[in-house]
Each structure stands twice: as C-alpha cells, then as structure tokens.
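Asks: The structure file protein29.cif (mmCIF, C-alpha atoms) is provided below.
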data_work
#
loop_
_atom_site.label_atom_id
_atom_site.label_comp_id
_atom_site.auth_asym_id
_atom_site.auth_seq_id
_atom_site.Cartn_x
_atom_site.Cartn_y
_atom_site.Cartn_z
CA MET A 1 -49.63 10.43 -35.49
CA SER A 2 -49.86 6.82 -34.34
CA ASP A 3 -48.44 5.04 -31.34
CA ILE A 4 -45.06 3.51 -32.24
CA ARG A 5 -46.16 0.16 -30.85
CA ASN A 6 -49.34 0.07 -32.94
CA PRO A 7 -49.50 2.32 -36.01
CA GLU A 8 -53.27 1.90 -36.12
CA ARG A 9 -53.82 3.34 -32.61
CA PRO A 10 -53.45 6.99 -31.58
CA ALA A 11 -50.56 7.92 -29.30
CA ARG A 12 -51.27 8.19 -25.59
CA ASP A 13 -51.83 11.68 -24.29
CA ILE A 14 -49.38 11.80 -21.37
CA GLU A 15 -46.69 14.28 -20.43
CA VAL A 16 -43.49 12.24 -20.48
CA PRO A 17 -42.42 8.84 -21.84
CA PRO A 18 -42.07 5.80 -19.57
CA ALA A 19 -38.81 5.06 -17.77
CA PRO A 20 -35.86 3.76 -19.82
CA ARG A 21 -35.67 0.01 -20.39
CA PRO A 22 -32.09 -1.03 -19.63
CA GLY A 23 -32.48 -4.60 -20.93
CA PRO A 24 -33.18 -3.84 -24.60
CA THR A 25 -30.74 -0.91 -24.43
CA ALA A 26 -27.99 -3.26 -23.27
CA VAL A 27 -28.86 -5.81 -25.97
CA ALA A 28 -28.69 -3.17 -28.72
CA GLY A 29 -25.45 -1.76 -27.34
CA GLY A 30 -23.85 -5.16 -26.79
CA VAL A 31 -24.73 -6.53 -30.22
CA SER A 32 -23.55 -3.33 -31.88
CA LEU A 33 -20.25 -3.41 -30.02
CA VAL A 34 -19.62 -7.00 -31.13
CA LEU A 35 -20.56 -6.18 -34.71
CA LEU A 36 -18.28 -3.15 -34.72
CA ILE A 37 -15.35 -5.25 -33.55
CA ILE A 38 -16.08 -7.84 -36.27
CA LEU A 39 -16.51 -5.20 -38.96
CA PHE A 40 -13.42 -3.15 -38.11
CA THR A 41 -11.17 -6.19 -37.71
CA GLY A 42 -12.57 -8.44 -40.43
CA TYR A 43 -14.23 -6.27 -43.06
CA GLY A 44 -12.45 -2.95 -43.05
CA LEU A 45 -12.67 0.59 -41.79
CA THR A 46 -15.37 1.72 -44.22
CA LEU A 47 -17.97 -0.86 -43.21
CA GLY A 48 -17.31 -0.23 -39.53
CA LEU A 49 -17.84 3.49 -40.00
CA LEU A 50 -20.95 2.88 -42.08
CA TYR A 51 -22.40 0.78 -39.26
CA ILE A 52 -21.91 3.75 -36.91
CA VAL A 53 -23.64 6.01 -39.45
CA ALA A 54 -26.50 3.50 -39.66
CA LEU A 55 -26.90 3.53 -35.88
CA GLY A 56 -27.31 7.29 -36.18
CA LEU A 57 -29.91 6.84 -38.93
CA GLY A 58 -31.88 4.47 -36.71
CA VAL A 59 -31.78 6.93 -33.82
CA ALA A 60 -32.83 9.86 -36.03
CA LEU A 61 -35.64 7.94 -37.74
CA TYR A 62 -37.03 6.81 -34.41
CA HIS A 63 -36.77 10.07 -32.47
CA ALA A 64 -38.11 12.23 -35.32
CA ARG A 65 -40.75 9.59 -36.21
CA PHE A 66 -39.66 10.60 -39.69
CA GLY A 67 -42.27 9.04 -41.92
CA PHE A 68 -42.51 8.63 -45.65
CA THR A 69 -45.65 6.47 -45.57
CA SER A 70 -47.48 8.81 -43.18
CA ALA A 71 -46.24 11.96 -44.96
CA PHE A 72 -47.73 10.88 -48.28
CA ARG A 73 -50.91 9.59 -46.61
CA GLN A 74 -51.50 12.73 -44.55
CA LEU A 75 -51.01 14.94 -47.60
CA MET A 76 -53.25 12.99 -49.94
CA ALA A 77 -55.95 12.18 -47.36
CA VAL A 78 -56.40 15.48 -45.50
CA GLY A 79 -53.96 17.97 -47.04
CA GLN A 80 -51.58 17.93 -44.05
CA GLY A 81 -48.19 18.85 -45.54
CA GLN A 82 -46.02 19.32 -42.44
CA THR A 83 -44.02 16.12 -42.92
CA LEU A 84 -43.71 16.64 -46.67
CA ARG A 85 -42.24 20.07 -45.99
CA ALA A 86 -39.71 18.31 -43.76
CA HIS A 87 -38.92 16.10 -46.76
CA MET A 88 -38.17 19.22 -48.77
CA LEU A 89 -35.82 20.49 -46.06
CA MET A 90 -34.11 17.10 -45.98
CA LEU A 91 -33.73 17.07 -49.76
CA ALA A 92 -32.50 20.68 -49.82
CA VAL A 93 -29.78 20.04 -47.24
CA ALA A 94 -28.82 16.79 -48.94
CA SER A 95 -28.61 18.53 -52.33
CA LEU A 96 -26.27 21.15 -50.88
CA LEU A 97 -24.06 18.47 -49.35
CA PHE A 98 -24.15 16.07 -52.30
CA ALA A 99 -23.26 18.68 -54.94
CA PRO A 100 -19.60 19.27 -53.98
CA LEU A 101 -19.08 15.57 -53.24
CA LEU A 102 -20.45 14.55 -56.64
CA ALA A 103 -18.50 17.29 -58.40
CA PHE A 104 -15.26 16.14 -56.74
CA GLY A 105 -16.09 12.49 -57.35
CA THR A 106 -13.82 10.93 -54.72
CA THR A 107 -14.59 9.26 -51.39
CA ALA A 108 -12.90 9.97 -48.07
CA PHE A 109 -10.50 7.13 -48.83
CA GLY A 110 -9.76 8.04 -52.45
CA GLY A 111 -12.20 5.70 -54.17
CA PRO A 112 -14.72 6.60 -56.91
CA LEU A 113 -17.89 8.40 -55.87
CA SER A 114 -21.15 8.80 -57.77
CA GLY A 115 -24.81 9.40 -57.05
CA TYR A 116 -27.92 7.44 -57.86
CA VAL A 117 -28.63 8.53 -61.43
CA PHE A 118 -30.80 5.97 -63.20
CA PRO A 119 -32.93 6.03 -66.36
CA VAL A 120 -36.44 7.41 -66.34
CA GLY A 121 -39.03 5.18 -67.91
CA VAL A 122 -41.90 2.78 -67.35
CA SER A 123 -39.92 0.69 -64.87
CA VAL A 124 -39.50 3.66 -62.50
CA ALA A 125 -43.05 4.91 -63.02
CA PHE A 126 -44.69 1.54 -62.43
CA GLY A 127 -42.27 0.52 -59.70
CA GLY A 128 -42.72 3.75 -57.73
CA PHE A 129 -46.49 3.56 -58.19
CA ILE A 130 -46.89 0.04 -56.79
CA PHE A 131 -44.30 0.72 -54.08
CA CYS A 132 -46.42 3.53 -52.66
CA ILE A 133 -49.57 1.41 -52.83
CA GLY A 134 -47.61 -1.19 -50.93
CA MET A 135 -46.33 1.11 -48.23
CA GLN A 136 -49.89 2.19 -47.40
CA LEU A 137 -50.94 -1.44 -47.03
CA GLY A 138 -47.72 -2.60 -45.40
CA GLY A 139 -47.85 0.05 -42.70
CA ALA A 140 -44.29 1.26 -43.29
CA CYS A 141 -41.83 2.13 -46.04
CA ALA A 142 -38.33 0.66 -46.42
CA SER A 143 -36.70 2.76 -43.70
CA GLY A 144 -39.86 2.63 -41.61
CA SER A 145 -39.89 -1.18 -41.69
CA LEU A 146 -36.40 -1.27 -40.22
CA TYR A 147 -36.80 1.31 -37.48
CA THR A 148 -40.22 0.08 -36.35
CA VAL A 149 -38.93 -3.50 -36.11
CA GLY A 150 -36.06 -2.14 -34.03
CA SER A 151 -38.46 -0.33 -31.73
CA GLY A 152 -40.33 -3.53 -30.94
CA GLN A 153 -43.09 -3.45 -33.55
CA THR A 154 -42.51 -7.11 -34.41
CA SER A 155 -45.68 -7.27 -36.50
CA ILE A 156 -43.80 -5.25 -39.13
CA LEU A 157 -41.70 -8.39 -39.61
CA ILE A 158 -44.64 -9.57 -41.72
CA THR A 159 -44.16 -6.57 -43.98
CA LEU A 160 -40.42 -7.19 -44.05
CA PHE A 161 -40.98 -10.82 -45.07
CA GLY A 162 -43.18 -9.70 -47.95
CA PHE A 163 -40.57 -7.08 -48.81
CA ILE A 164 -37.90 -9.76 -49.18
CA VAL A 165 -40.19 -11.97 -51.28
CA GLY A 166 -41.05 -9.07 -53.57
CA SER A 167 -37.41 -8.04 -53.88
CA VAL A 168 -36.41 -11.52 -54.99
CA TRP A 169 -39.30 -11.60 -57.44
CA GLY A 170 -38.20 -8.23 -58.81
CA ALA A 171 -34.61 -9.48 -59.13
CA HIS A 172 -35.92 -12.46 -61.11
CA ASP A 173 -37.80 -10.14 -63.51
CA PHE A 174 -35.12 -7.44 -63.60
CA GLY A 175 -33.93 -8.24 -67.12
CA PHE A 176 -37.48 -7.90 -68.47
CA TRP A 177 -37.81 -4.39 -67.06
CA LEU A 178 -34.48 -3.31 -68.58
CA GLN A 179 -35.82 -3.63 -72.11
CA PRO A 180 -35.56 -0.39 -74.16
CA ALA A 181 -39.36 -0.09 -74.09
CA PHE A 182 -39.36 0.23 -70.29
CA VAL A 183 -36.08 2.06 -69.62
CA TRP A 184 -35.26 5.24 -71.48
CA LYS A 185 -32.51 7.69 -70.62
CA LYS A 186 -30.49 8.81 -67.61
CA ILE A 187 -31.11 12.51 -67.02
CA SER A 188 -29.12 14.46 -64.43
CA LEU A 189 -30.06 18.05 -63.73
CA ALA A 190 -26.32 18.72 -63.33
CA ASP A 191 -25.60 17.82 -66.98
CA THR A 192 -25.91 21.41 -68.17
CA SER A 193 -23.54 24.32 -68.61
CA TRP A 194 -24.59 25.46 -65.11
CA GLY A 195 -23.43 22.16 -63.59
CA TYR A 196 -24.18 21.39 -59.96
CA THR A 197 -24.67 25.06 -59.08
CA GLY A 198 -27.53 25.30 -61.55
CA ALA A 199 -28.93 21.96 -60.43
CA VAL A 200 -29.03 23.09 -56.78
CA ILE A 201 -30.75 26.35 -57.71
CA PHE A 202 -33.30 24.56 -59.89
CA GLN A 203 -34.12 22.02 -57.20
CA PHE A 204 -34.44 24.74 -54.58
CA ILE A 205 -37.04 26.44 -56.74
CA ILE A 206 -39.00 23.18 -56.93
CA PHE A 207 -38.68 22.64 -53.17
CA GLY A 208 -39.99 26.16 -52.56
CA MET A 209 -42.95 25.62 -54.90
CA ILE A 210 -43.88 22.40 -53.12
CA VAL A 211 -43.64 24.04 -49.69
CA ALA A 212 -45.80 26.96 -50.85
CA THR A 213 -48.36 24.57 -52.35
CA THR A 214 -48.70 22.59 -49.12
CA TRP A 215 -49.15 25.80 -47.09
CA LEU A 216 -51.87 27.01 -49.46
CA LEU A 217 -53.55 23.60 -49.31
CA GLU A 218 -53.54 23.65 -45.52
CA ARG A 219 -55.05 27.14 -45.44
CA ARG A 220 -57.85 25.90 -47.65
CA LEU A 221 -58.54 22.56 -45.90
CA ASN A 222 -57.44 23.39 -42.32
CA PRO A 223 -56.32 19.81 -41.54
CA PRO A 224 -55.61 18.64 -37.98
CA PRO A 225 -52.02 19.19 -36.81
CA ARG A 226 -49.49 16.38 -36.66
CA LYS A 227 -49.50 14.95 -33.14
CA GLY A 228 -46.45 13.29 -31.62
CA PRO A 229 -46.03 10.74 -28.82
CA PRO A 230 -44.97 11.57 -25.24
CA SER A 231 -41.70 13.48 -24.94
CA GLU A 232 -39.25 14.89 -22.45
CA HIS A 233 -38.33 18.56 -22.65
CA GLY A 234 -35.08 20.49 -22.94
CA LEU A 235 -31.85 18.58 -23.40
CA LYS A 236 -33.50 15.35 -22.20
CA ARG A 237 -35.52 15.45 -25.41
CA VAL A 238 -32.42 14.49 -27.40
CA LEU A 239 -32.38 10.99 -25.91
CA ARG A 240 -35.89 10.64 -24.50
CA GLY A 241 -38.36 12.41 -26.67
CA THR A 242 -39.65 13.33 -30.06
CA TRP A 243 -37.33 15.46 -32.14
CA PRO A 244 -38.74 18.31 -34.23
CA LEU A 245 -39.23 17.24 -37.83
CA TRP A 246 -36.62 19.76 -38.98
CA ALA A 247 -34.01 18.10 -36.75
CA GLY A 248 -34.77 14.69 -38.20
CA ALA A 249 -34.64 16.09 -41.73
CA VAL A 250 -31.22 17.68 -41.22
CA ALA A 251 -29.85 14.59 -39.45
CA LEU A 252 -30.94 12.25 -42.26
CA ALA A 253 -29.49 14.56 -44.91
CA VAL A 254 -26.14 14.84 -43.15
CA LEU A 255 -25.93 11.09 -42.52
CA ASN A 256 -26.83 10.30 -46.13
CA ALA A 257 -24.09 12.65 -47.34
CA LEU A 258 -21.68 11.00 -44.92
CA THR A 259 -22.66 7.62 -46.38
CA LEU A 260 -21.90 8.94 -49.86
CA TRP A 261 -18.52 10.35 -48.77
CA LEU A 262 -17.46 7.15 -47.01
CA SER A 263 -18.74 4.52 -49.42
CA GLY A 264 -19.02 6.26 -52.79
CA LYS A 265 -22.78 5.71 -53.04
CA PRO A 266 -25.80 7.27 -51.27
CA TRP A 267 -27.76 5.44 -48.60
CA GLY A 268 -29.67 2.41 -49.90
CA ILE A 269 -31.81 -0.23 -48.22
CA THR A 270 -33.63 -2.70 -50.43
CA SER A 271 -30.78 -4.29 -52.39
CA ALA A 272 -29.99 -6.12 -49.15
CA PHE A 273 -33.47 -7.69 -49.18
CA ALA A 274 -32.87 -9.09 -52.67
CA LEU A 275 -29.51 -10.45 -51.51
CA TRP A 276 -30.89 -12.13 -48.39
CA GLY A 277 -33.78 -13.79 -50.20
CA SER A 278 -31.68 -14.84 -53.18
CA GLN A 279 -29.06 -16.41 -50.93
CA VAL A 280 -31.78 -18.44 -49.19
CA LEU A 281 -33.10 -19.69 -52.55
CA SER A 282 -29.57 -20.47 -53.71
CA ALA A 283 -28.99 -22.52 -50.56
CA LEU A 284 -32.19 -24.43 -51.38
CA GLY A 285 -30.85 -25.31 -54.82
CA VAL A 286 -32.50 -22.64 -56.99
CA ASP A 287 -30.25 -21.45 -59.83
CA VAL A 288 -30.45 -17.82 -58.79
CA GLY A 289 -27.04 -17.04 -60.28
CA SER A 290 -28.43 -17.44 -63.80
CA TRP A 291 -30.84 -14.53 -63.34
CA TYR A 292 -29.78 -11.40 -65.21
CA TYR A 293 -29.83 -9.39 -61.97
CA TRP A 294 -27.04 -11.57 -60.54
CA SER A 295 -25.18 -12.37 -63.77
CA GLY A 296 -25.27 -8.86 -65.21
CA PRO A 297 -25.35 -5.60 -63.21
CA HIS A 298 -24.74 -7.35 -59.87
CA ALA A 299 -22.39 -10.08 -61.08
CA GLY A 300 -20.56 -11.67 -58.18
CA GLY A 301 -22.77 -9.99 -55.60
CA LEU A 302 -24.82 -13.10 -54.87
CA HIS A 303 -21.97 -14.67 -52.93
CA THR A 304 -21.14 -11.56 -50.88
CA PRO A 305 -21.18 -12.31 -47.13
CA ILE A 306 -23.88 -10.36 -45.30
CA LEU A 307 -21.33 -8.42 -43.23
CA ALA A 308 -19.38 -7.52 -46.38
CA ASP A 309 -22.48 -6.02 -48.02
CA ARG A 310 -22.86 -2.30 -47.44
CA ALA A 311 -26.67 -2.21 -47.55
CA SER A 312 -26.98 -5.21 -45.22
CA VAL A 313 -24.61 -3.72 -42.66
CA MET A 314 -26.49 -0.44 -42.67
CA ASP A 315 -29.91 -2.11 -42.45
CA ILE A 316 -28.76 -4.01 -39.37
CA GLY A 317 -27.37 -0.80 -37.88
CA ILE A 318 -30.67 1.03 -38.38
CA ILE A 319 -32.54 -1.73 -36.53
CA PHE A 320 -30.23 -1.67 -33.52
CA GLY A 321 -29.97 2.12 -33.51
CA ALA A 322 -33.77 2.37 -33.33
CA MET A 323 -33.84 -0.37 -30.68
CA ALA A 324 -31.43 1.54 -28.46
CA ALA A 325 -33.31 4.81 -28.97
CA SER A 326 -36.74 3.34 -28.27
CA ALA A 327 -35.52 1.38 -25.25
CA TRP A 328 -33.88 4.41 -23.67
CA GLY A 329 -37.02 6.37 -24.44
CA GLY A 330 -39.09 3.75 -22.60
CA ALA A 331 -41.14 2.88 -25.67
CA PHE A 332 -39.66 -0.48 -26.64
CA ARG A 333 -42.36 -3.12 -26.40
CA ILE A 334 -42.77 -6.41 -28.24
CA ALA A 335 -46.08 -6.11 -30.09
CA THR A 336 -47.46 -9.27 -31.69
CA GLU A 337 -51.24 -9.06 -31.81
CA LEU A 338 -52.58 -8.20 -35.24
CA PRO A 339 -55.97 -8.79 -36.95
CA TRP A 340 -55.79 -11.28 -39.81
CA ARG A 341 -56.92 -8.71 -42.40
CA ILE A 342 -53.98 -6.48 -41.53
CA VAL A 343 -51.63 -9.48 -41.72
CA ILE A 344 -52.80 -10.05 -45.30
CA ALA A 345 -52.47 -6.34 -46.09
CA ARG A 346 -48.91 -6.27 -44.78
CA VAL A 347 -47.83 -9.29 -46.79
CA ILE A 348 -49.34 -7.82 -49.97
CA GLY A 349 -47.87 -4.40 -49.18
CA GLY A 350 -44.42 -5.85 -48.54
CA VAL A 351 -44.43 -7.78 -51.82
CA LEU A 352 -45.51 -4.69 -53.77
CA MET A 353 -42.78 -2.61 -52.15
CA GLY A 354 -40.10 -5.21 -52.75
CA TYR A 355 -40.98 -5.69 -56.40
CA GLY A 356 -41.48 -1.99 -57.00
CA ALA A 357 -38.16 -1.06 -55.42
CA ARG A 358 -36.22 -3.50 -57.57
CA ILE A 359 -37.62 -2.39 -60.92
CA ALA A 360 -37.58 1.33 -59.99
CA PHE A 361 -33.89 1.26 -58.99
CA GLY A 362 -34.74 1.94 -55.38
CA CYS A 363 -37.33 2.70 -52.72
CA ASN A 364 -38.29 5.84 -50.82
CA ILE A 365 -34.63 6.04 -49.76
CA GLY A 366 -32.65 4.90 -52.81
CA ALA A 367 -34.90 6.33 -55.54
CA TYR A 368 -36.77 9.23 -53.91
CA PHE A 369 -34.25 10.53 -51.36
CA GLY A 370 -31.02 9.37 -53.00
CA GLY A 371 -32.21 10.04 -56.55
CA ILE A 372 -33.37 13.61 -55.95
CA ALA A 373 -30.32 14.43 -53.82
CA SER A 374 -28.20 13.10 -56.73
CA PHE A 375 -30.08 15.44 -59.11
CA SER A 376 -31.53 12.53 -61.10
CA LEU A 377 -34.84 13.04 -62.87
CA HIS A 378 -35.86 9.47 -62.01
CA GLY A 379 -36.07 10.50 -58.35
CA TRP A 380 -38.60 13.21 -59.15
CA LEU A 381 -40.59 10.80 -61.34
CA TRP A 382 -40.67 8.34 -58.44
CA GLY A 383 -42.05 11.04 -56.12
CA VAL A 384 -44.83 12.06 -58.53
CA VAL A 385 -46.06 8.54 -59.26
CA GLY A 386 -45.66 7.76 -55.56
CA LEU A 387 -48.31 10.32 -54.66
CA ILE A 388 -50.67 8.76 -57.21
CA GLY A 389 -49.95 5.31 -55.79
CA THR A 390 -50.63 6.66 -52.32
CA MET A 391 -54.14 7.71 -53.34
CA VAL A 392 -54.83 4.16 -54.53
CA GLY A 393 -53.29 2.70 -51.37
CA ILE A 394 -55.45 4.92 -49.17
CA LYS A 395 -58.57 3.62 -50.93
CA LEU A 396 -57.45 0.03 -50.40
CA ARG A 397 -56.66 0.46 -46.68
CA SER A 398 -60.33 0.44 -45.71
CA LEU A 399 -60.76 -3.00 -47.31
CA PHE A 400 -58.38 -4.39 -44.70
CA GLY A 401 -59.78 -2.52 -41.71
CA MET A 402 -56.93 0.00 -41.67
CA GLY A 403 -57.50 3.59 -40.63
CA VAL A 404 -57.35 6.61 -42.92
CA PRO A 405 -56.86 10.16 -41.59
CA LYS A 406 -59.94 12.40 -41.61
CA LEU A 407 -60.17 16.17 -41.44
CA THR A 408 -61.86 15.78 -38.04
CA ASP A 409 -59.19 13.37 -36.71
CA SER A 410 -56.82 15.15 -34.33
CA SER A 411 -54.43 12.17 -34.29
CA CYS A 412 -53.63 12.15 -37.99
#
Starting from the coordinates I provided, produce the structure as structure tokens.

Replies:
Amino acid sequence: MSDIRNPERPARDIEVPPAPRPGPTAVAGGVSLVLLIILFTGYGLTLGLLYIVALGLGVALYHARFGFTSAFRQLMAVGQGQTLRAHMLMLAVASLLFAPLLAFGTTAFGGPLSGYVFPVGVSVAFGGFIFCIGMQLGGACASGSLYTVGSGQTSILITLFGFIVGSVWGAHDFGFWLQPAFVWKKISLADTSWGYTGAVIFQFIIFGMIVATTWLLERRLNPPPRKGPPSEHGLKRVLRGTWPLWAGAVALAVLNALTLWLSGKPWGITSAFALWGSQVLSALGVDVGSWYYWSGPHAGGLHTPILADRASVMDIGIIFGAMAASAWGGAFRIATELPWRIVIARVIGGVLMGYGARIAFGCNIGAYFGGIASFSLHGWLWGVVGLIGTMVGIKLRSLFGMGVPKLTDSSC
C-alpha cells in the first residue's frame, strides 16, 4: 500500500496518524454547508441528499483506501487478491440491495428507477481495456482521482485534467462507437424466468468462484500482505484510521444503493467530466451541441448548470468528503512535486480513462460497479477486459519510472 500523499512511496511505519488538521477540516465543512444550503433551496431535495451521500462516499473511499487501480495491479502483478475479494463483497451486497429496487422500479420520491444496463460489444471491450491501461499510468481510477485530490494529492489534478480531455474526446466520437458493428445487445441477467432472484444467485456463484480463485492463487504465490497507513484503534479508528476493507465495501454498496433509490440511477462519475469540458469548449465557441452525444442521448444536457447535474454534485461531494476525512485523520497535505515522466504518464493515463469511460458507458464505478450491481453483462465484460488492460498498463509503468509490486515487496 502506498502513502496517500505519494502513491509511489511506501506508507510510513508509525503507530498512529498525525494530529487532526482543523484548517482543511473547517474548509471542507464550511464549503459543504454552503453547498447544501444552495442545493436544498435552489435545486431541490434530491440533489441536496445526494450531496450528503457523496460526502459519505468520499469518507468511505478515503478511510478504507478502497482502490480499484491498486486492486487490479496487485492481483495481476503478484497475485494479491485481498482487495479484489473486497470488490466481490461490495458487488454482492450491492446486488442484494439493487435487486428489490430494480424490481420495484420506483425512487423514494415516486420517479422512475432503472439500473445501468448497456449493450455489450466492441465499444465496451475496447473502452474498458484502454481505461484500465490508463488507470495504471494515471495513478488512480475515476473514484480514486476524486478522493486523492480531496486528500491533498494535488498532483492527481494532472490525471483529472487528462480525464476531462479524454471524456470530451470520447463524447465527440460517441456516435462512431454506437454503430451496429461496435454495439450489440443489452443483456440483463434478470431477463429470465427466474428474474432478479435467479440473477442474484447466479452472480453470487460467480463472486464465490472469483474469491476461491484468488485464495488458491495466493496459496500458490504467497504474495506480501496488503499494508495500510497509520491508524488509530477502537472507536477512534472510525474517524482517524484505516477502515477494514470489508467495511469500505459494505459502505460503498449501501451508498450506491441509496443513490439509486434517491435519484433513479446508480452512482456515476465520468459523465460530469464530459459536461465540464464540453461547456468550456462551448464557451470558447466550439459547436459542441452538434455532436451526437449532446444532440442525441444527452440532448439538452449540455446547458445543465453544474449544481443541477447529479454526477457533478456527487463528484464535488466526494472531493470534500475525502478532504474532511483526511484532514481529521491528520493526513491532508498539499503534494506538488512530481517527476516529469510521471506527469506525462498521468496525462496519458487520464486521457485513456476519459475516452474509455465514454465509449464503454462508464468507468470502474459506472460500468464495473454499477453495471454488475445492475445485473448487466456489459459490467462483467468491462471487468474481464479491465484485467487484460491492467497487465498492459503494468508493463508500461516502468517506462515512466513508476513502481510495480514485486513478490518480495512488503509494501504492495
């Protein structure tokens, strides 16, 4: 496991985290309070509640150090499957919670509710593949980019910039990737006579097989254990320490289901990046509105105010939730120094992730987490090609002076 301030450096071996930092904690709390007042009074109850959910997501991601980038890298590099098993727990809990919500089909406020069920095809396979190459070079995935920026890892802003550029590029090319040759058929595991009950059982069997496979792989390779940063003990660990992976997995699953129940859609991140970048280009005079992405499936969305956009509101909430958590845990530090080769890697990685997420109908959250929890086959396809992309990304990391876990590395 790496230090939160520098993902390329091992965590410090000390007993407890530093003292809380009241300044950043107050900033995160103050900004969030103002945003909540604006959201509840100007944009409605749902967006205000979703911002609160997003704060919780930021806290959970930070305290559990819940990685998608590191989970795939540790598995493919040294056979360490502990974090991937936590993914399976997260997906299992989410599947159990999503099933009745999707079957009922109505939000908490009576609106329509549906999961992320998108077509399988070349667009998902290629998009997921390059996304996972990108997250190994970029140093973080979609959710990781947000919570590490919130915790003071300002160098990840480089990755986030590339992410936005790639998302806009993917939005520009979106119509090309929707051709019948690249997009095939929507397949939901719930579309059988067994319905959601059968889909849950089937997915649980797959989860169990993956867990068993990782255990067998670890017995064979004996990889180093996952090592966390300094932590308090007992109840203090909730606010000032590293949560067990299982706690992070359950928290993320519950909060994703709550997002689905409140808004009618699962948690998503990267559509906001396409919106932000496209609005900047539009302001500069580019005819973004003529792109199929904004004239077809997202018609009218280009002119949505940032605080009226669900994904944007939640992305902002994740950043400030992680900021508050890291500051109270004493780990918030502004980190700016970065070798030029890693700067290049992060820009390239961000662009690959942004483009891949757009054409694959989502990222590690929208496609992998949200897709599988929605019982969509495209989510499973994304996960499979993602592991292949991770192997390529691991090979490329050394070209940019980035570390790769070894079987003899106790910090992996």

Asks: Write out as a ChimeraX atom specification which residues come within 6 Å of range 149-160 of chain A when counting only C-alpha atoms, dropping same-chain ones fewer than 4 positions away.

Replies: /A:5,138,319-320,322-323,326,332-336,346-347,350

Asks: Range 185-192 of chain A: which residues within 9 Å, counting only C-alpha atoms, same-chain residues fewer than 4 positions away excluded, as an MDAnalysis selection string?

Replies: chainID A and resid 99 117:121 196:200 202:203 374:378

Asks: To verify the selection step, state as a ChimeraX atom specification which residues the PyMOL selection byres ((chain A and resi 173) around 10) yields on this input.

Replies: /A:167-172,174-178,291-293,355,358-359

Asks: Leaving out range 73-81 of chain A and any residue of its chain fewer than 4 positions from it, which residues lie within 9 Å of it when counting only C-alpha atoms, given as a list in words?

Replies: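 My reading of the contact set: Phe68, Thr69, Arg85, Ala86, Gln136, Val211, Thr213, Thr214, Trp215, Leu217, Glu218, Arg220, Leu221, Asn222, Pro223, Pro224, Pro225, Arg226, Leu387, Ile388, Thr390, Met391, Gly393, Ile394, Val404, Pro405, Lys406, Leu407 and Cys412 of chain A.
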
Asks: Restricted to C-alpha atoms, what would the selected residues look like written as a PDB file, in the coordinates of the input?

Replies:
ATOM      1  CA  PHE A  68     -42.510   8.630 -45.650  1.00  0.00           C
ATOM      2  CA  THR A  69     -45.650   6.470 -45.570  1.00  0.00           C
ATOM      3  CA  ARG A  85     -42.240  20.070 -45.990  1.00  0.00           C
ATOM      4  CA  ALA A  86     -39.710  18.310 -43.760  1.00  0.00           C
ATOM      5  CA  GLN A 136     -49.890   2.190 -47.400  1.00  0.00           C
ATOM      6  CA  VAL A 211     -43.640  24.040 -49.690  1.00  0.00           C
ATOM      7  CA  THR A 213     -48.360  24.570 -52.350  1.00  0.00           C
ATOM      8  CA  THR A 214     -48.700  22.590 -49.120  1.00  0.00           C
ATOM      9  CA  TRP A 215     -49.150  25.800 -47.090  1.00  0.00           C
ATOM     10  CA  LEU A 217     -53.550  23.600 -49.310  1.00  0.00           C
ATOM     11  CA  GLU A 218     -53.540  23.650 -45.520  1.00  0.00           C
ATOM     12  CA  ARG A 220     -57.850  25.900 -47.650  1.00  0.00           C
ATOM     13  CA  LEU A 221     -58.540  22.560 -45.900  1.00  0.00           C
ATOM     14  CA  ASN A 222     -57.440  23.390 -42.320  1.00  0.00           C
ATOM     15  CA  PRO A 223     -56.320  19.810 -41.540  1.00  0.00           C
ATOM     16  CA  PRO A 224     -55.610  18.640 -37.980  1.00  0.00           C
ATOM     17  CA  PRO A 225     -52.020  19.190 -36.810  1.00  0.00           C
ATOM     18  CA  ARG A 226     -49.490  16.380 -36.660  1.00  0.00           C
ATOM     19  CA  LEU A 387     -48.310  10.320 -54.660  1.00  0.00           C
ATOM     20  CA  ILE A 388     -50.670   8.760 -57.210  1.00  0.00           C
ATOM     21  CA  THR A 390     -50.630   6.660 -52.320  1.00  0.00           C
ATOM     22  CA  MET A 391     -54.140   7.710 -53.340  1.00  0.00           C
ATOM     23  CA  GLY A 393     -53.290   2.700 -51.370  1.00  0.00           C
ATOM     24  CA  ILE A 394     -55.450   4.920 -49.170  1.00  0.00           C
ATOM     25  CA  VAL A 404     -57.350   6.610 -42.920  1.00  0.00           C
ATOM     26  CA  PRO A 405     -56.860  10.160 -41.590  1.00  0.00           C
ATOM     27  CA  LYS A 406     -59.940  12.400 -41.610  1.00  0.00           C
ATOM     28  CA  LEU A 407     -60.170  16.170 -41.440  1.00  0.00           C
ATOM     29  CA  CYS A 412     -53.630  12.150 -37.990  1.00  0.00           C
TER      30      CYS A 412
END

Asks: Given the choices A:Gly115, A:Gly44, A:Pro339, A:Gly268, which gets closest to Ile318 in chain A if the distance is worked out from all atoms listed in the file?

Replies: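 For Ile318 in chain A, the nearest of the candidates is A:Gly268.
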